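Chemist: Quick one, model15.csv (CSV, C-alpha atoms):
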chain,number,residue,atom,x,y,z
A,1,MET,CA,68.0,12.8,20.4
A,2,SER,CA,68.0,14.8,23.7
A,3,PRO,CA,68.1,12.9,27.1
A,4,ARG,CA,64.5,13.8,27.7
A,5,GLU,CA,63.5,11.8,24.6
A,6,ILE,CA,65.6,8.7,25.5
A,7,PHE,CA,63.8,5.7,26.9
A,8,THR,CA,65.7,4.0,29.7
A,9,LEU,CA,64.9,1.5,32.5
A,10,ARG,CA,65.3,4.1,35.2
A,11,ASP,CA,62.2,5.8,33.8
A,12,TYR,CA,60.2,2.8,35.3
A,13,LEU,CA,62.0,2.7,38.6
A,14,GLY,CA,60.7,5.7,40.5
A,15,PRO,CA,59.4,5.7,44.1
A,16,GLU,CA,55.8,6.0,43.0
A,17,LEU,CA,55.1,2.2,43.2
A,18,LYS,CA,55.7,0.9,46.7
A,19,GLY,CA,56.8,-2.6,47.7
A,20,ARG,CA,58.6,-3.5,44.5
A,21,THR,CA,61.5,-5.9,45.0
A,22,ILE,CA,64.0,-8.1,43.1
A,23,SER,CA,65.3,-11.2,44.9
A,24,ASP,CA,67.2,-14.4,44.3
A,25,GLY,CA,66.3,-16.7,47.2
A,26,ARG,CA,69.1,-15.3,49.3
A,27,ARG,CA,68.6,-11.5,49.2
A,28,VAL,CA,65.8,-9.1,48.6
A,29,VAL,CA,66.6,-5.6,47.2
A,30,SER,CA,64.0,-2.9,47.0
A,31,LEU,CA,63.2,-1.6,43.5
A,32,THR,CA,61.1,1.2,44.9
A,33,ASP,CA,64.2,3.2,46.0
A,34,ILE,CA,66.8,1.6,43.8
A,35,LEU,CA,67.6,4.9,42.1
A,36,GLU,CA,69.0,6.1,45.4
A,37,GLN,CA,71.5,3.2,45.4
A,38,THR,CA,74.4,1.9,43.3
A,39,CYS,CA,76.2,-1.4,42.9
A,40,LEU,CA,79.0,0.3,41.0
A,41,VAL,CA,80.9,2.2,43.7
A,42,GLY,CA,83.8,4.4,42.9
A,43,ARG,CA,84.5,5.4,39.3
A,44,PHE,CA,80.9,5.2,37.9
A,45,GLY,CA,81.3,8.5,36.0
A,46,GLU,CA,84.1,7.0,33.9
A,47,LEU,CA,81.6,4.5,32.4
A,48,SER,CA,79.8,7.3,30.6
A,49,GLY,CA,80.0,6.8,26.8
A,50,ARG,CA,82.0,3.6,27.1
A,51,SER,CA,81.4,0.2,25.6
A,52,VAL,CA,81.0,-2.0,28.7
A,53,LEU,CA,81.3,-5.8,29.1
A,54,LEU,CA,79.0,-6.8,32.0
A,55,ALA,CA,80.5,-9.9,33.4
A,56,VAL,CA,78.9,-10.5,36.8
A,57,SER,CA,78.4,-14.1,38.0
A,58,ASP,CA,75.5,-13.0,40.2
A,59,GLN,CA,72.2,-12.5,38.4
A,60,LEU,CA,70.8,-10.1,41.0
A,61,ILE,CA,73.8,-7.8,40.8
A,62,SER,CA,73.8,-8.1,37.0
A,63,ALA,CA,70.2,-6.9,36.9
A,64,LEU,CA,71.0,-3.9,39.1
A,65,ALA,CA,74.0,-3.0,37.0
A,66,MET,CA,71.9,-3.1,33.8
A,67,THR,CA,69.6,-0.5,35.3
A,68,GLU,CA,72.5,1.7,36.1
A,69,LEU,CA,74.4,1.3,32.8
A,70,ASP,CA,71.4,1.8,30.6
A,71,GLY,CA,71.3,5.4,29.5
A,72,VAL,CA,75.0,6.0,30.6
A,73,ALA,CA,77.1,3.5,28.6
A,74,ARG,CA,77.4,3.7,24.9
A,75,ARG,CA,76.8,0.0,24.6
A,76,MET,CA,76.5,-2.9,27.1
A,77,LEU,CA,77.5,-6.5,26.2
A,78,LEU,CA,75.8,-9.0,28.5
A,79,CYS,CA,78.1,-11.8,29.3
A,80,PRO,CA,76.5,-15.1,30.4
A,81,PRO,CA,78.3,-17.2,33.0
A,82,ASP,CA,79.1,-20.0,30.7
A,83,LEU,CA,81.1,-17.9,28.2
A,84,ARG,CA,84.3,-19.8,27.3
A,85,ALA,CA,87.5,-18.1,28.3
A,86,ASP,CA,89.1,-18.6,24.8
A,87,HIS,CA,86.2,-16.6,23.3
A,88,VAL,CA,86.6,-13.5,25.5
A,89,GLN,CA,89.3,-11.6,23.6
A,90,THR,CA,87.6,-12.0,20.3
A,91,LEU,CA,84.3,-10.6,21.7
A,92,ILE,CA,86.2,-7.8,23.5
A,93,ASP,CA,87.7,-6.8,20.1
A,94,GLU,CA,84.5,-7.1,18.1
A,95,ALA,CA,82.4,-5.1,20.6
A,96,GLU,CA,85.2,-2.5,21.0
A,97,ILE,CA,85.0,-3.0,24.8
A,98,ASP,CA,86.8,-0.4,26.8
A,99,ALA,CA,85.4,-1.0,30.2
A,100,ILE,CA,84.4,-4.1,32.2
A,101,VAL,CA,82.0,-4.3,35.1
A,102,THR,CA,82.5,-7.5,37.1
A,103,ASP,CA,82.3,-9.1,40.6
A,104,GLN,CA,85.7,-10.7,39.9
A,105,PRO,CA,88.1,-7.9,38.9
A,106,SER,CA,91.2,-10.0,39.2
A,107,ARG,CA,89.9,-12.4,36.5
A,108,TRP,CA,89.9,-9.6,34.0
A,109,ALA,CA,93.1,-7.8,34.9
A,110,ASP,CA,95.1,-9.2,32.0
A,111,VAL,CA,92.6,-8.8,29.1
A,112,GLY,CA,94.0,-5.4,28.0
A,113,VAL,CA,90.9,-3.3,29.0
A,114,TYR,CA,91.8,-0.1,30.7
A,115,LEU,CA,88.8,0.3,33.1
A,116,VAL,CA,87.7,-2.7,35.2
A,117,MET,CA,85.1,-1.8,37.8
A,118,ALA,CA,83.9,-3.9,40.7
A,119,ALA,CA,80.2,-4.6,41.1
A,120,ARG,CA,78.9,-5.4,44.6
A,121,ALA,CA,75.9,-5.3,46.8
A,122,PRO,CA,74.1,-2.0,46.5
A,123,GLU,CA,74.7,1.0,48.8
A,124,ARG,CA,73.3,4.5,48.9
A,125,ARG,CA,74.8,6.7,46.2
A,126,GLY,CA,75.8,10.3,46.6
A,127,THR,CA,74.0,11.6,43.4
A,128,LYS,CA,71.5,10.0,41.1
A,129,ALA,CA,72.6,8.8,37.7
A,130,LYS,CA,71.4,10.9,34.8
A,131,THR,CA,70.3,9.7,31.4
A,132,GLU,CA,72.9,10.7,28.8
A,133,ARG,CA,72.3,8.6,25.8
A,134,ALA,CA,70.5,5.6,24.3
A,135,THR,CA,72.5,2.5,25.2
A,136,GLU,CA,72.9,-0.3,22.7
A,137,TRP,CA,72.3,-3.7,24.2
A,138,LEU,CA,74.6,-6.4,22.9
A,139,MET,CA,73.7,-10.1,23.5
A,140,LEU,CA,75.4,-13.3,22.5
A,141,THR,CA,73.9,-16.0,20.4
A,142,SER,CA,73.7,-19.5,22.0
A,143,GLY,CA,73.9,-23.0,20.6
A,144,THR,CA,76.9,-22.4,18.4
A,145,SER,CA,80.1,-24.4,18.5
A,146,GLY,CA,82.4,-21.4,17.6
A,147,VAL,CA,82.7,-17.9,19.0
A,148,PRO,CA,79.2,-16.6,19.7
A,149,LYS,CA,77.8,-13.9,17.5
A,150,ILE,CA,77.1,-10.5,18.9
A,151,VAL,CA,73.6,-9.2,18.3
A,152,GLY,CA,72.8,-5.6,18.9
A,153,HIS,CA,69.4,-4.3,20.1
A,154,THR,CA,67.9,-1.0,21.2
A,155,LEU,CA,65.9,-1.0,24.4
A,156,GLU,CA,63.0,0.3,22.4
A,157,ALA,CA,63.1,-2.8,20.2
A,158,LEU,CA,63.6,-5.2,23.1
A,159,THR,CA,60.6,-3.8,24.9
A,160,GLY,CA,58.3,-3.0,22.0
A,161,ALA,CA,55.8,-5.8,22.7
A,162,ILE,CA,55.9,-5.1,26.5
A,163,VAL,CA,55.1,-1.4,26.0
A,164,ALA,CA,52.3,-2.3,23.6
A,165,ASP,CA,50.7,-4.4,26.4
A,166,GLY,CA,50.6,-1.4,28.7
A,167,PRO,CA,51.1,-1.4,32.4
A,168,ALA,CA,49.8,-4.2,34.6
A,169,ARG,CA,46.2,-3.8,35.9
A,170,GLY,CA,45.4,-4.4,39.5
A,171,THR,CA,48.0,-5.7,41.8
A,172,PRO,CA,51.5,-5.4,40.3
A,173,PRO,CA,52.7,-8.9,39.3
A,174,VAL,CA,55.7,-10.8,40.6
A,175,TRP,CA,57.7,-12.3,37.7
A,176,ALA,CA,60.2,-15.1,37.6
A,177,THR,CA,62.1,-17.1,34.9
A,178,PHE,CA,64.2,-20.2,34.8
A,179,TYR,CA,66.2,-18.6,32.0
A,180,ASP,CA,69.4,-16.6,32.7
A,181,ILE,CA,68.6,-12.9,32.3
A,182,ARG,CA,71.9,-12.4,30.4
A,183,ARG,CA,70.1,-14.5,27.6
A,184,TYR,CA,67.3,-13.2,25.5
A,185,GLY,CA,64.5,-15.2,27.0
A,186,GLY,CA,65.4,-14.3,30.6
A,187,LEU,CA,66.1,-10.7,29.7
A,188,GLN,CA,62.6,-10.4,28.3
A,189,ILE,CA,61.0,-11.4,31.6
A,190,PHE,CA,63.3,-9.1,33.6
A,191,LEU,CA,62.3,-6.2,31.3
A,192,ARG,CA,58.7,-7.0,31.6
A,193,ALA,CA,59.0,-7.0,35.4
A,194,VAL,CA,60.6,-3.6,35.3
A,195,LEU,CA,58.2,-2.0,32.8
A,196,SER,CA,55.0,-3.6,34.3
A,197,GLY,CA,55.7,-2.0,37.7
A,198,GLY,CA,56.0,-5.5,39.3
A,199,SER,CA,58.7,-7.4,41.2
A,200,MET,CA,61.2,-10.1,40.1
A,201,VAL,CA,62.3,-13.4,41.5
A,202,LEU,CA,65.5,-14.8,40.1
A,203,THR,CA,66.1,-18.5,40.2
A,204,ALA,CA,68.8,-20.8,39.1
A,205,PRO,CA,68.1,-22.9,35.9
A,206,ALA,CA,66.2,-26.2,36.6
A,207,ARG,CA,66.0,-25.4,40.3
A,208,ARG,CA,63.1,-24.3,42.4
A,209,SER,CA,64.0,-21.7,45.0
A,210,PRO,CA,62.4,-22.1,48.4
A,211,ILE,CA,60.5,-18.9,48.0
A,212,THR,CA,59.2,-19.5,44.5
A,213,SER,CA,55.8,-20.9,45.5
A,214,PRO,CA,52.6,-20.2,43.5
A,215,ALA,CA,51.6,-17.7,46.2
A,216,SER,CA,54.8,-15.7,46.0
A,217,MET,CA,55.4,-15.8,42.2
A,218,PRO,CA,52.1,-15.4,40.2
A,219,TRP,CA,53.8,-15.1,36.8
A,220,ALA,CA,56.7,-17.4,35.7
A,221,SER,CA,58.3,-18.6,32.6
A,222,ARG,CA,60.6,-21.5,31.9
A,223,THR,CA,59.6,-22.5,28.3
A,224,SER,CA,59.4,-19.2,26.5
A,225,PRO,CA,59.5,-15.5,27.1
A,226,ALA,CA,55.7,-15.5,27.3
A,227,ARG,CA,54.1,-15.3,30.7
A,228,HIS,CA,52.5,-18.3,32.4
A,229,ARG,CA,50.5,-18.8,35.5
A,230,ILE,CA,52.1,-21.2,38.0
A,231,GLY,CA,50.0,-24.3,38.4
A,232,ALA,CA,50.0,-26.9,41.1
A,233,SER,CA,52.3,-29.1,39.1
A,234,PHE,CA,55.0,-26.4,38.7
Before we go any further, please render this structure as structure tokens.

Modeler:
Amino acid sequence: MSPREIFTLRDYLGPELKGRTISDGRRVVSLTDILEQTCLVGRFGELSGRSVLLAVSDQLISALAMTELDGVARRMLLCPPDLRADHVQTLIDEAEIDAIVTDQPSRWADVGVYLVMAARAPERRGTKAKTERATEWLMLTSGTSGVPKIVGHTLEALTGAIVADGPARGTPPVWATFYDIRRYGGLQIFLRAVLSGGSMVLTAPARRSPITSPASMPWASRTSPARHRIGASF
């Protein structure tokens, strides 16, 4: 499959739609010009074709890193913040991880992975990232007592229902979820926000951000990946 035929998140993040943002209650980052920025400063080119563990405690930086790694990394394992330390090495071995993207590089210095790259607040990049391949998205099962199972997805499979719905009509929606976007339910809302041409508000589980009012967040989910209008009792 040639790069032109590969479907990636950056295909939906061009400058055509103005005013798109992703925020977390503390920071607001423009999605309109996000392709001109990077949160992976330094050796980004070395991530090409690698199997990357994405272990960033910050959901907003995690989301931005996903958009950069998709189409560049061979595979990307989304690491939720509650992953137990004694499960890490097993998952690294099973997923054949050879690079880690994290906001805590020192924590991962002794896991035997050659390339550990820091993720940070976005800054303007020198050159735009180019689509090179279809990235496999790896996610961990939840609710198990042992080592989580790794489940692989293609972006096409993850977004099939979203693409079928077509782009949002009228004013682009603002999406939010009380699920972590490193988990399947939260990821579905993040992907819907990107593909629909809308914006995204990230919130901590079971907490209401000061900016997540019905007026600022017309679409939200906390019970399923389906979309829900925010009512007065929310």

Chemist: Using only C-alpha atoms, which of the listed residues (A:Thr171, A:Ser51, A:Ser23, A:Thr102) sits closest to A:Arg74?

Modeler: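 Nearest to A:Arg74: A:Ser51.
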
Chemist: Skipping near chain neighbours, those fewer than 2 positions away, what residues fall within 12 Å of A:Arg84 using all atoms listed in the file, listed as a list of chain:residue names?

Modeler: A:Cys79, A:Pro80, A:Pro81, A:Asp82, A:Asp86, A:His87, A:Val88, A:Gln89, A:Thr90, A:Leu91, A:Ser142, A:Thr144, A:Ser145, A:Gly146, A:Val147, A:Pro148

Chemist: Stretch 24-54 of chain A near stretch 10-17 of chain A within 7 Å: what's each residue's closest atom pair and its distance in Å to one decimal, counting only C-alpha atoms, ordered by chain then ascending residue number, as a Markdown table?

Modeler:
| residue | atom | partner | partner_atom | distance |
| --- | --- | --- | --- | --- |
| A:Leu31 | CA | A:Leu13 | CA | 6.6 |
| A:Thr32 | CA | A:Pro15 | CA | 4.9 |
| A:Asp33 | CA | A:Pro15 | CA | 5.7 |
| A:Leu35 | CA | A:Leu13 | CA | 7.0 |

Chemist: Which is closest to A:Ala157 among A:Trp137, A:Trp108, A:Phe190, A:Tyr114, if we use all atoms listed in the file?

Modeler: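 Residue with the minimum atom-to-atom distance to A:Ala157: A:Trp137.
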
Chemist: Report, in Å with one decimal, the straight-line distance from atom CA of A:Ala65 to atom CA of A:Val101.

Modeler: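 Here the two named atoms are 8.3 Å from each other.
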